[in-house]
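Undergrad: Have a look at this one before I ask anything.
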Amino acid sequence: MGHLGALLFLLGALGTLADICSIPVADSKLVQGLGQHLLPWMDQLSPEHLNPSIYVGLRLSSLEARDKEALYLHSLKLSYQQSLLGNDNSDSQATPSVGQLAPYLLALRANWYDHKGHPHTSYYQYGLSILALCVQQKRVHDSVVGKLLYAVEHDHHLHQGHFSVDTLAMAGLAFTCLKRSNLNTDLRNRINLAIRTVQEKILKAQTPEGHFGNVYSTPLALQFLMTSPVPGVELGTACLNAGAALSASVQDGAFQNVLMISQLLPVLNHKSYVDLISPDCLAPRVMLEQAVESFSQSQVPEVIHVMLKVPSVWPPYGHFIPVPAGSSLEDVLKKAQELGGFMYETRASLSGPYLTSVMGKEVEKREFWQLIQAPDTPLQQGIADYRPKDGETIELRLVAW
């Protein structure tokens, strides 16, 4: 009878574990390599390069950069204070949007040594803004939370016309924070139901490879799924598969974008943005050191040729562009413009440069320039992160949504 009782206890424990989202402990060298990608960006302190997501991701990781962190936070504060206050100079920064301020608020909360004392934006930014205020223990009006709830309840979790795991995960993190902080209690039932709805939809979006949506939406999805167990749902297997897929992707060099890395590092430390409600200030962290790269001056970079096409303009553009091997798509665009006959413009965003104009054609409302690998595969990375191969054809396609 004693053995039977022990067996039943073990089976019960296994059932509980199946409800919990967890991934294996990440290889320390893998984590260190990701963190080293952030260090050069932390040296870029001009306002157009500052990215609060870098600071948040590092603070929720098992890594630290000490003096760099302190200087970066100081630069973030100074930049946003200046942009909020403004001045009479013509070259003053524009007032930041809600979507830009939200990660700044997360950065302030992540600095635990310094905290004593269809909307006009995307649903992703809407959820991020609610989350940022929530971790600061600032209550927002029920009507504001209600708009995000309505979006989830009526499947309005879209980005550029497509189902977005990132947007759902961000909404789920916001709802989880509200639940844990006991905020907006009159909406508690709707919040609980929305959390369950988001969980179910994200799990259904898991690919055969293990990713939730795609490789770059998986870290944020895991951040959300790690925040709470789901009774009756075997999260364990789904998250283990996602963790294995992420590990393989990191080893393949898929994570180069600093925003994506900043969302991944907390996951590898079994943390999420919701942990900023009460951050663990005493957790040990490993000092990051700059990677040492060896480069021979005698090496001559191989030249590759990338076919760049723009069929959405008249006359259509199409030319082979020579660039050094390993160049980004942004390097290809720069070289094409340098050679003549091609023009483009970008706008800075927290995830990197965003194409706003190609060949003089600017995006209008509900339009965007989609990056296509011929014949018809949308790229998952932006122009600064994708590295074309020799002979590859890249198309810039104007798409309405």
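By order of appearance in the structure tokens: chains A, B, ..., then residues from 1 within every chain, and ligands from 1 in the order shown.
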Could you pull the residues within 10 Å of A:Asp142, counting only C-alpha atoms, minus those fewer than 5 positions along the same chain, as an mmCIF file with C-alpha atoms, in the first residue's frame?
TA:
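Listing of selection20.cif after writing:
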data_model
loop_
_atom_site.group_PDB
_atom_site.id
_atom_site.type_symbol
_atom_site.label_atom_id
_atom_site.label_comp_id
_atom_site.auth_asym_id
_atom_site.auth_seq_id
_atom_site.Cartn_x
_atom_site.Cartn_y
_atom_site.Cartn_z
ATOM 1 C CA LYS A 147 -9.602 47.320 -25.516
ATOM 2 C CA LEU A 183 -5.018 45.272 -10.654
ATOM 3 C CA ASN A 184 -8.290 45.888 -12.554
ATOM 4 C CA THR A 185 -10.122 43.417 -10.307
ATOM 5 C CA ASP A 186 -13.509 44.154 -11.937
ATOM 6 C CA LEU A 187 -12.104 42.565 -15.101
#
Undergrad: Hey, could you make a per-residue contact list for stretch 246-304 of chain A against stretch 384-400 of chain A with 7 Å as the cut-off, showing the nearest pair of atoms and its distance in Å to one decimal, counting only C-alpha atoms, sorted by chain and number, as a Markdown table?
TA:
| residue | atom | partner | partner_atom | distance |
| --- | --- | --- | --- | --- |
| A:Gln256 | CA | A:Asp385 | CA | 6.2 |
| A:Asn257 | CA | A:Asp385 | CA | 6.1 |
| A:Ile304 | CA | A:Asp390 | CA | 4.8 |
Undergrad: My list of candidates is A:Ser62, A:Gln263, A:Gln199, A:Ser312. Which is closest to A:Glu234 when distances are computed with only C-alpha atoms?
TA: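 Once distances to A:Glu234 are computed over only C-alpha atoms, the minimum belongs to A:Gln199.
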Undergrad: One number please: atom CA of A:Asn182 to atom CA of A:Cys239, in Å, one decimal.
TA: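 The value is 27.2 Å.
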Undergrad: So which one's closest to A:Gly243, A:Cys21, A:Leu282, A:Leu276, A:Val145? Using only C-alpha atoms, please.
TA: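 Among the listed residues, A:Cys21 lies closest to A:Gly243.
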Undergrad: With only C-alpha atoms as the atoms that count, which of A:Gly236, A:Pro52, A:Pro219, A:Pro279 lies nearest to A:Gln136?
TA: A:Pro279
Undergrad: Write down as a VMD selection string the residues of stretch 151-379 of chain A whose backbone DSSP state falls under strand (DSSP E or B).
TA: chain A and resid 158 to 159 162 to 163 206 212 286 to 287 303 to 310 317 to 324 344 to 347 354 to 358 361 to 362 367 to 373 377 to 378
Undergrad: Nearest residue to A:Ala169 out of A:Ala132, A:Leu63, A:Ala205, A:Leu220, using only C-alpha atoms?
TA: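 Under the stated criterion, the closest residue is A:Leu220.
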